[in-house]
Amino acid sequence: MKKILLAALIVSSLFSGLERISAAQTITEQTQSEDDKNRPQLVALKSGEPAELAYDAGMARFLVSSEETHGAWSLVELKEMPGYHTNLHRHNHTDEAFYVLEGVLTVNIGGSLAEYPAGSYVLIPRGTPHAQGNGGNVPTRILLTMTPGGFERSFKDRVELFKTAKPTDPDFRKKRKENAARGNYDV
C-alpha cells in the first residue's frame with residue numbers, strides 16, 4: 001500500500017510540476033512576444049549603403065531610422081564641410097552621441113571649445129547647451145546617434161530643403177524653423 005501511495009504521490013507531483021512548467025512557458029512566451037514588439041528591425045548595410053544625400057552642411061546617410069528601432073534611437077552618418085557650425089542650441093528630449101570617423105569635430109559645451117579628432121566620442125545629454133561643427137580645413141565625418149530616435153527627421157527635412165534653397169538664401173533659416181515646427185522635432 002505504501003508503494004502505491006508513493007507512486008501516486010510521485011505521479012501527482014510530476015503532473016503538478018508539468019502544469020507549472022507549462023504555465024511558466026506560456027508566461028515566458030507572452031513576455032517574449034511583448035518584448036518582440038519593441039525589438040529593432042534587422043538592419044544590414046554594405047559599405048556605401050544607403051547613398052549619401054546632400055544637405056546644407058555637407059552629406060548625410062541615414063543608417064538606422066527611429067522607425068526601425070521603434071523610436072528607441074537613430075543613427076546618421078554626416079560629412080560636414082570645413083567652416084560649417086551650428087549655433088548654440090539644446091535638445092530638451094534628445095541625447096546626441098558623436099563618434100568622429102575622419103577629420104576633427106569642434107564642440108562648444110558650456111562655453112568651453114574643444115576639438116575631437118578621429119576616434120573621439122562625445123555624448124551630449126539632453127538639455128545641454130552646445131554647438132558643434134567643423135573648424136578644420138578638411139571634411140569631418142561623424143556617426144551621430146540620437147536617443148530617443150526621431151530627430152533624424154530634421155536632417156531629412158534639411159536634405160529636402162537643400163534641393164530648393166541654399167543657406168545663403170535670405171529665408172533659409174526661416175524655412176528651417178518652419179520645418180522644425182511642422183515636424184515637431186526637438187530643436
# chains A, B, ... in the order shown; residues from 1 in each chain; ligands from 1

$ residues_around --residues "region 85-99 of chain A" --least-positions-apart "2" --cutoff "10 Å" --atoms "only C-alpha atoms" --output "mmCIF file with N, CA, C and O atoms, in the first residue's frame"
data_model
loop_
_atom_site.group_PDB
_atom_site.id
_atom_site.type_symbol
_atom_site.label_atom_id
_atom_site.label_comp_id
_atom_site.auth_asym_id
_atom_site.auth_seq_id
_atom_site.Cartn_x
_atom_site.Cartn_y
_atom_site.Cartn_z
ATOM 1 N N ALA A 57 24.972 71.306 -44.693
ATOM 2 C CA ALA A 57 26.289 71.211 -44.046
ATOM 3 C C ALA A 57 27.243 70.290 -44.795
ATOM 4 O O ALA A 57 28.437 70.277 -44.499
ATOM 5 N N TRP A 73 16.147 54.853 -30.907
ATOM 6 C CA TRP A 73 17.330 55.620 -31.298
ATOM 7 C C TRP A 73 17.394 55.667 -32.816
ATOM 8 O O TRP A 73 16.622 54.990 -33.503
ATOM 9 N N SER A 74 18.316 56.469 -33.332
ATOM 10 C CA SER A 74 18.579 56.507 -34.766
ATOM 11 C C SER A 74 20.063 56.797 -34.974
ATOM 12 O O SER A 74 20.743 57.280 -34.063
ATOM 13 N N LEU A 75 20.547 56.484 -36.164
ATOM 14 C CA LEU A 75 21.963 56.649 -36.486
ATOM 15 C C LEU A 75 22.101 57.265 -37.870
ATOM 16 O O LEU A 75 21.546 56.748 -38.845
ATOM 17 N N VAL A 76 22.834 58.374 -37.918
ATOM 18 C CA VAL A 76 23.066 59.078 -39.176
ATOM 19 C C VAL A 76 24.564 59.305 -39.321
ATOM 20 O O VAL A 76 25.241 59.677 -38.356
ATOM 21 N N GLU A 77 25.091 59.059 -40.514
ATOM 22 C CA GLU A 77 26.477 59.406 -40.808
ATOM 23 C C GLU A 77 26.463 60.766 -41.490
ATOM 24 O O GLU A 77 25.743 60.970 -42.466
ATOM 25 N N LEU A 78 27.238 61.705 -40.955
ATOM 26 C CA LEU A 78 27.303 63.050 -41.504
ATOM 27 C C LEU A 78 28.713 63.359 -41.981
ATOM 28 O O LEU A 78 29.684 62.999 -41.325
ATOM 29 N N GLU A 80 30.519 66.765 -42.656
ATOM 30 C CA GLU A 80 30.380 68.215 -42.553
ATOM 31 C C GLU A 80 31.569 68.890 -43.210
ATOM 32 O O GLU A 80 32.716 68.535 -42.952
ATOM 33 N N MET A 81 31.271 69.870 -44.024
ATOM 34 C CA MET A 81 32.302 70.590 -44.756
ATOM 35 C C MET A 81 33.025 71.585 -43.838
ATOM 36 O O MET A 81 32.468 72.041 -42.851
ATOM 37 N N PRO A 82 34.283 71.923 -44.182
ATOM 38 C CA PRO A 82 35.028 72.918 -43.397
ATOM 39 C C PRO A 82 34.239 74.224 -43.288
ATOM 40 O O PRO A 82 33.617 74.664 -44.258
ATOM 41 N N GLY A 83 34.259 74.800 -42.105
ATOM 42 C CA GLY A 83 33.582 76.070 -41.874
ATOM 43 C C GLY A 83 32.151 75.927 -41.382
ATOM 44 O O GLY A 83 31.574 76.884 -40.870
ATOM 45 N N LEU A 101 34.778 59.822 -37.240
ATOM 46 C CA LEU A 101 35.426 58.851 -38.130
ATOM 47 C C LEU A 101 36.631 59.457 -38.845
ATOM 48 O O LEU A 101 37.658 58.807 -39.000
ATOM 49 N N GLU A 102 36.479 60.700 -39.312
ATOM 50 C CA GLU A 102 37.545 61.393 -40.048
ATOM 51 C C GLU A 102 37.501 62.873 -39.705
ATOM 52 O O GLU A 102 36.437 63.421 -39.409
ATOM 53 N N LEU A 105 36.097 67.194 -35.136
ATOM 54 C CA LEU A 105 34.822 67.795 -34.747
ATOM 55 C C LEU A 105 35.107 68.838 -33.674
ATOM 56 O O LEU A 105 35.770 68.552 -32.682
ATOM 57 N N THR A 106 34.623 70.043 -33.885
ATOM 58 C CA THR A 106 34.779 71.117 -32.907
ATOM 59 C C THR A 106 33.463 71.235 -32.144
ATOM 60 O O THR A 106 32.398 71.356 -32.759
ATOM 61 N N VAL A 107 33.542 71.192 -30.802
ATOM 62 C CA VAL A 107 32.329 71.222 -29.980
ATOM 63 C C VAL A 107 32.467 72.287 -28.901
ATOM 64 O O VAL A 107 33.505 72.387 -28.237
ATOM 65 N N ASN A 108 31.418 73.063 -28.740
ATOM 66 C CA ASN A 108 31.323 74.060 -27.680
ATOM 67 C C ASN A 108 30.272 73.552 -26.688
ATOM 68 O O ASN A 108 29.100 73.443 -27.024
ATOM 69 N N ILE A 109 30.712 73.231 -25.477
ATOM 70 C CA ILE A 109 29.801 72.797 -24.417
ATOM 71 C C ILE A 109 30.024 73.707 -23.222
ATOM 72 O O ILE A 109 31.127 73.763 -22.681
ATOM 73 N N GLY A 110 28.971 74.431 -22.849
ATOM 74 C CA GLY A 110 29.068 75.318 -21.696
ATOM 75 C C GLY A 110 30.124 76.383 -21.841
ATOM 76 O O GLY A 110 30.769 76.755 -20.860
ATOM 77 N N GLY A 111 30.338 76.873 -23.051
ATOM 78 C CA GLY A 111 31.326 77.926 -23.266
ATOM 79 C C GLY A 111 32.744 77.417 -23.420
ATOM 80 O O GLY A 111 33.668 78.186 -23.653
ATOM 81 N N TYR A 116 37.868 67.433 -31.297
ATOM 82 C CA TYR A 116 37.862 65.984 -31.146
ATOM 83 C C TYR A 116 38.270 65.339 -32.464
ATOM 84 O O TYR A 116 37.498 65.343 -33.423
ATOM 85 N N PRO A 117 39.487 64.775 -32.541
ATOM 86 C CA PRO A 117 39.962 64.158 -33.786
ATOM 87 C C PRO A 117 39.334 62.775 -33.990
ATOM 88 O O PRO A 117 38.645 62.244 -33.112
ATOM 89 N N ALA A 118 39.618 62.186 -35.140
ATOM 90 C CA ALA A 118 39.112 60.849 -35.476
ATOM 91 C C ALA A 118 39.379 59.882 -34.326
ATOM 92 O O ALA A 118 40.446 59.906 -33.713
ATOM 93 N N GLY A 119 38.375 59.072 -34.025
ATOM 94 C CA GLY A 119 38.456 58.119 -32.917
ATOM 95 C C GLY A 119 37.869 58.657 -31.626
ATOM 96 O O GLY A 119 37.722 57.925 -30.653
ATOM 97 N N SER A 120 37.494 59.932 -31.613
ATOM 98 C CA SER A 120 36.922 60.544 -30.408
ATOM 99 C C SER A 120 35.420 60.301 -30.336
ATOM 100 O O SER A 120 34.749 60.091 -31.350
ATOM 101 N N TYR A 121 34.913 60.392 -29.114
ATOM 102 C CA TYR A 121 33.485 60.197 -28.846
ATOM 103 C C TYR A 121 33.015 61.309 -27.925
ATOM 104 O O TYR A 121 33.685 61.648 -26.954
ATOM 105 N N VAL A 122 31.853 61.893 -28.237
ATOM 106 C CA VAL A 122 31.279 62.957 -27.417
ATOM 107 C C VAL A 122 29.801 62.635 -27.207
ATOM 108 O O VAL A 122 29.064 62.463 -28.183
ATOM 109 N N LEU A 123 29.374 62.563 -25.951
ATOM 110 C CA LEU A 123 27.966 62.375 -25.616
ATOM 111 C C LEU A 123 27.441 63.680 -25.036
ATOM 112 O O LEU A 123 27.979 64.182 -24.044
ATOM 113 N N ILE A 124 26.412 64.220 -25.658
ATOM 114 C CA ILE A 124 25.798 65.461 -25.185
ATOM 115 C C ILE A 124 24.405 65.113 -24.668
ATOM 116 O O ILE A 124 23.492 64.861 -25.466
ATOM 117 N N PRO A 125 24.250 65.059 -23.339
ATOM 118 C CA PRO A 125 22.942 64.706 -22.772
ATOM 119 C C PRO A 125 21.876 65.751 -23.085
ATOM 120 O O PRO A 125 22.186 66.940 -23.244
ATOM 121 N N ARG A 126 20.646 65.307 -23.158
ATOM 122 C CA ARG A 126 19.518 66.216 -23.414
ATOM 123 C C ARG A 126 19.554 67.396 -22.445
ATOM 124 O O ARG A 126 19.961 67.264 -21.306
ATOM 125 N N GLY A 127 19.175 68.558 -22.953
ATOM 126 C CA GLY A 127 19.134 69.757 -22.141
ATOM 127 C C GLY A 127 20.449 70.514 -22.046
ATOM 128 O O GLY A 127 20.495 71.587 -21.464
ATOM 129 N N THR A 128 21.521 69.966 -22.615
ATOM 130 C CA THR A 128 22.844 70.597 -22.526
ATOM 131 C C THR A 128 23.041 71.593 -23.672
ATOM 132 O O THR A 128 23.028 71.193 -24.838
ATOM 133 N N PRO A 129 23.232 72.880 -23.369
ATOM 134 C CA PRO A 129 23.517 73.845 -24.441
ATOM 135 C C PRO A 129 24.849 73.488 -25.120
ATOM 136 O O PRO A 129 25.837 73.212 -24.440
ATOM 137 N N HIS A 130 24.848 73.481 -26.437
ATOM 138 C CA HIS A 130 26.050 73.108 -27.177
ATOM 139 C C HIS A 130 25.987 73.659 -28.596
ATOM 140 O O HIS A 130 24.937 74.063 -29.079
ATOM 141 N N ALA A 131 27.125 73.642 -29.243
ATOM 142 C CA ALA A 131 27.253 73.938 -30.665
ATOM 143 C C ALA A 131 28.358 73.029 -31.185
ATOM 144 O O ALA A 131 29.261 72.642 -30.437
ATOM 145 N N GLN A 132 28.274 72.639 -32.430
ATOM 146 C CA GLN A 132 29.321 71.791 -32.990
ATOM 147 C C GLN A 132 29.494 72.104 -34.467
ATOM 148 O O GLN A 132 28.634 72.713 -35.078
ATOM 149 N N GLY A 133 30.610 71.666 -35.002
ATOM 150 C CA GLY A 133 30.863 71.879 -36.407
ATOM 151 C C GLY A 133 32.261 71.461 -36.794
ATOM 152 O O GLY A 133 32.933 70.719 -36.081
ATOM 153 N N ASN A 134 32.680 71.969 -37.928
ATOM 154 C CA ASN A 134 33.975 71.621 -38.490
ATOM 155 C C ASN A 134 34.804 72.896 -38.616
ATOM 156 O O ASN A 134 34.650 73.652 -39.568
ATOM 157 N N GLY A 135 35.676 73.112 -37.649
ATOM 158 C CA GLY A 135 36.547 74.283 -37.679
ATOM 159 C C GLY A 135 37.829 74.042 -38.434
ATOM 160 O O GLY A 135 38.678 74.924 -38.521
ATOM 161 N N ARG A 141 33.890 63.604 -40.854
ATOM 162 C CA ARG A 141 32.873 62.550 -40.995
ATOM 163 C C ARG A 141 32.591 61.990 -39.619
ATOM 164 O O ARG A 141 33.508 61.576 -38.900
ATOM 165 N N ILE A 142 31.308 61.992 -39.235
ATOM 166 C CA ILE A 142 30.916 61.537 -37.901
ATOM 167 C C ILE A 142 29.714 60.605 -37.974
ATOM 168 O O ILE A 142 28.922 60.666 -38.920
ATOM 169 N N LEU A 143 29.610 59.741 -36.966
ATOM 170 C CA LEU A 143 28.396 58.968 -36.739
ATOM 171 C C LEU A 143 27.653 59.673 -35.624
ATOM 172 O O LEU A 143 28.219 59.928 -34.553
ATOM 173 N N LEU A 144 26.401 59.995 -35.861
ATOM 174 C CA LEU A 144 25.572 60.688 -34.882
ATOM 175 C C LEU A 144 24.439 59.758 -34.466
ATOM 176 O O LEU A 144 23.599 59.383 -35.292
ATOM 177 N N THR A 145 24.449 59.378 -33.191
ATOM 178 C CA THR A 145 23.358 58.576 -32.628
ATOM 179 C C THR A 145 22.462 59.504 -31.829
ATOM 180 O O THR A 145 22.952 60.284 -31.006
ATOM 181 N N MET A 146 21.166 59.424 -32.067
ATOM 182 C CA MET A 146 20.197 60.256 -31.361
ATOM 183 C C MET A 146 19.247 59.359 -30.578
ATOM 184 O O MET A 146 18.670 58.421 -31.132
ATOM 185 N N THR A 147 19.135 59.649 -29.275
ATOM 186 C CA THR A 147 18.318 58.833 -28.386
ATOM 187 C C THR A 147 17.374 59.739 -27.617
ATOM 188 O O THR A 147 17.851 60.666 -26.964
ATOM 189 N N PRO A 148 16.075 59.514 -27.631
ATOM 190 C CA PRO A 148 15.386 58.555 -28.490
ATOM 191 C C PRO A 148 15.440 58.999 -29.951
ATOM 192 O O PRO A 148 15.845 60.119 -30.255
ATOM 193 N N GLY A 149 15.012 58.122 -30.817
ATOM 194 C CA GLY A 149 15.012 58.437 -32.237
ATOM 195 C C GLY A 149 13.940 59.459 -32.581
ATOM 196 O O GLY A 149 13.089 59.800 -31.763
ATOM 197 N N GLY A 150 13.985 59.943 -33.780
ATOM 198 C CA GLY A 150 13.008 60.895 -34.278
ATOM 199 C C GLY A 150 13.650 62.168 -34.779
ATOM 200 O O GLY A 150 13.185 62.770 -35.744
ATOM 201 N N PHE A 151 14.737 62.585 -34.116
ATOM 202 C CA PHE A 151 15.385 63.831 -34.506
ATOM 203 C C PHE A 151 16.035 63.721 -35.890
ATOM 204 O O PHE A 151 16.276 64.734 -36.544
ATOM 205 N N TYR A 185 10.139 68.318 -34.092
ATOM 206 C CA TYR A 185 11.337 67.717 -33.544
ATOM 207 C C TYR A 185 12.023 68.676 -32.599
ATOM 208 O O TYR A 185 11.775 69.868 -32.603
ATOM 209 N N ASP A 186 12.868 68.114 -31.809
ATOM 210 C CA ASP A 186 13.444 68.738 -30.623
ATOM 211 C C ASP A 186 14.635 69.624 -30.966
ATOM 212 O O ASP A 186 15.758 69.170 -30.967
ATOM 213 N N VAL A 187 14.361 70.894 -31.333
ATOM 214 C CA VAL A 187 15.453 71.817 -31.644
ATOM 215 C C VAL A 187 15.501 72.899 -30.583
ATOM 216 O O VAL A 187 14.497 73.448 -30.212
#

$ atom_distance --atom1 "CA of Glu68 (chain A)" --atom2 "CA of Leu45 (chain A)"
13.2 Å

$ closest_residue --among "A:Phe155, A:Tyr84, A:Phe62, A:Phe162" --to "Val43 (chain A)" --atoms "only C-alpha atoms"
A:Phe62

$ closest_residue --among "A:Arg153, A:Ser112, A:Gly48, A:Tyr55" --to "Glu67 (chain A)" --atoms "only C-alpha atoms"
A:Arg153

$ select_by_dssp --residues "region 29-97 of chain A" --states "helix (DSSP H, G or I)" --output "list in words"
Glu29, Gln30, Thr31, Gln32, Ser33, Glu34, Asp35, Asp36 and Lys37 of chain A

$ atom_distance --atom1 "CA of Pro139 (chain A)" --atom2 "CA of Pro50 (chain A)"
19.4 Å

$ atom_distance --atom1 "CA of Glu160 (chain A)" --atom2 "CA of His70 (chain A)"
23.7 Å

$ select_by_dssp --residues "region 41-159 of chain A" --states "strand (DSSP E)" --output "VMD selection string"
chain A and resid 53 to 55 58 to 64 74 to 80 95 to 102 104 to 109 112 to 117 121 to 124 130 to 133 140 to 147

$ closest_residue --among "A:Ala114, A:Ala54, A:Ala60, A:Val104" --to "Lys166 (chain A)" --atoms "only C-alpha atoms"
A:Ala54

$ closest_residue --among "A:Arg182, A:Arg39, A:Lys174, A:Lys156" --to "Thr69 (chain A)" --atoms "only C-alpha atoms"
A:Arg39

$ decode --residues "region 85-97 of chain A" --atoms "all heavy atoms" --output "tab-separated table (two decimals), in the first residue's frame"
chain	number	residue	atom	x	y	z
A	85	HIS	N	29.19	75.17	-38.94
A	85	HIS	CA	28.98	75.04	-37.48
A	85	HIS	C	27.53	75.38	-37.15
A	85	HIS	O	26.88	76.15	-37.87
A	85	HIS	CB	29.93	75.95	-36.69
A	85	HIS	CG	29.69	77.41	-36.94
A	85	HIS	ND1	28.77	78.14	-36.24
A	85	HIS	CD2	30.24	78.25	-37.84
A	85	HIS	CE1	28.76	79.38	-36.69
A	85	HIS	NE2	29.65	79.48	-37.67
A	86	THR	N	27.03	74.81	-36.10
A	86	THR	CA	25.68	75.14	-35.63
A	86	THR	C	25.76	76.33	-34.69
A	86	THR	O	26.83	76.65	-34.17
A	86	THR	CB	25.05	73.96	-34.85
A	86	THR	OG1	25.78	73.75	-33.64
A	86	THR	CG2	25.03	72.69	-35.69
A	87	ASN	N	24.64	76.96	-34.47
A	87	ASN	CA	24.54	77.96	-33.42
A	87	ASN	C	24.40	77.23	-32.09
A	87	ASN	O	24.06	76.03	-32.05
A	87	ASN	CB	23.32	78.86	-33.65
A	87	ASN	CG	23.46	79.71	-34.90
A	87	ASN	OD1	24.55	80.18	-35.20
A	87	ASN	ND2	22.37	79.88	-35.62
A	88	LEU	N	24.62	77.94	-31.01
A	88	LEU	CA	24.40	77.37	-29.68
A	88	LEU	C	22.93	76.98	-29.57
A	88	LEU	O	22.05	77.79	-29.89
A	88	LEU	CB	24.79	78.38	-28.60
A	88	LEU	CG	24.80	77.86	-27.17
A	88	LEU	CD1	25.90	76.81	-27.00
A	88	LEU	CD2	25.03	79.00	-26.19
A	89	HIS	N	22.66	75.74	-29.17
A	89	HIS	CA	21.30	75.24	-29.07
A	89	HIS	C	21.24	74.11	-28.05
A	89	HIS	O	22.26	73.70	-27.52
A	89	HIS	CB	20.81	74.75	-30.45
A	89	HIS	CG	21.57	73.56	-30.96
A	89	HIS	ND1	22.84	73.66	-31.49
A	89	HIS	CD2	21.24	72.26	-31.00
A	89	HIS	CE1	23.25	72.47	-31.87
A	89	HIS	NE2	22.31	71.59	-31.57
A	90	ARG	N	20.05	73.61	-27.80
A	90	ARG	CA	19.90	72.45	-26.92
A	90	ARG	C	18.73	71.62	-27.41
A	90	ARG	O	17.81	72.13	-28.05
A	90	ARG	CB	19.71	72.88	-25.47
A	90	ARG	CG	18.31	73.24	-25.12
A	90	ARG	CD	18.09	73.41	-23.63
A	90	ARG	NE	17.89	74.82	-23.38
A	90	ARG	CZ	18.45	75.47	-22.40
A	90	ARG	NH1	19.23	74.89	-21.55
A	90	ARG	NH2	18.22	76.74	-22.24
A	91	HIS	N	18.79	70.35	-27.09
A	91	HIS	CA	17.69	69.42	-27.38
A	91	HIS	C	17.14	68.97	-26.03
A	91	HIS	O	17.85	68.32	-25.26
A	91	HIS	CB	18.20	68.22	-28.17
A	91	HIS	CG	18.94	68.61	-29.42
A	91	HIS	ND1	18.30	69.10	-30.53
A	91	HIS	CD2	20.26	68.61	-29.70
A	91	HIS	CE1	19.21	69.38	-31.45
A	91	HIS	NE2	20.41	69.09	-30.98
A	92	ASN	N	15.90	69.32	-25.75
A	92	ASN	CA	15.33	69.02	-24.44
A	92	ASN	C	14.91	67.57	-24.27
A	92	ASN	O	14.72	67.11	-23.15
A	92	ASN	CB	14.14	69.94	-24.16
A	92	ASN	CG	14.59	71.38	-24.02
A	92	ASN	OD1	15.61	71.66	-23.39
A	92	ASN	ND2	13.86	72.29	-24.64
A	93	HIS	N	14.77	66.84	-25.38
A	93	HIS	CA	14.29	65.46	-25.31
A	93	HIS	C	15.21	64.46	-25.99
A	93	HIS	O	14.87	63.29	-26.09
A	93	HIS	CB	12.88	65.37	-25.91
A	93	HIS	CG	11.93	66.36	-25.34
A	93	HIS	ND1	11.42	66.25	-24.06
A	93	HIS	CD2	11.42	67.51	-25.84
A	93	HIS	CE1	10.63	67.29	-23.82
A	93	HIS	NE2	10.62	68.06	-24.88
A	94	THR	N	16.36	64.92	-26.48
A	94	THR	CA	17.23	64.04	-27.27
A	94	THR	C	18.67	64.11	-26.79
A	94	THR	O	19.23	65.19	-26.63
A	94	THR	CB	17.18	64.45	-28.76
A	94	THR	OG1	15.82	64.46	-29.20
A	94	THR	CG2	17.98	63.50	-29.63
A	95	ASP	N	19.28	62.94	-26.55
A	95	ASP	CA	20.71	62.84	-26.30
A	95	ASP	C	21.39	62.67	-27.66
A	95	ASP	O	20.90	61.93	-28.51
A	95	ASP	CB	21.05	61.60	-25.44
A	95	ASP	CG	20.38	61.63	-24.08
A	95	ASP	OD1	20.23	62.71	-23.50
A	95	ASP	OD2	20.00	60.54	-23.61
A	96	GLU	N	22.52	63.34	-27.85
A	96	GLU	CA	23.29	63.20	-29.09
A	96	GLU	C	24.65	62.61	-28.76
A	96	GLU	O	25.32	63.09	-27.84
A	96	GLU	CB	23.50	64.55	-29.77
A	96	GLU	CG	22.27	65.15	-30.39
A	96	GLU	CD	22.59	66.43	-31.13
A	96	GLU	OE1	23.12	67.37	-30.50
A	96	GLU	OE2	22.30	66.49	-32.33
A	97	ALA	N	25.04	61.59	-29.50
A	97	ALA	CA	26.36	60.99	-29.33
A	97	ALA	C	27.08	61.06	-30.67
A	97	ALA	O	26.57	60.58	-31.68
A	97	ALA	CB	26.24	59.55	-28.86
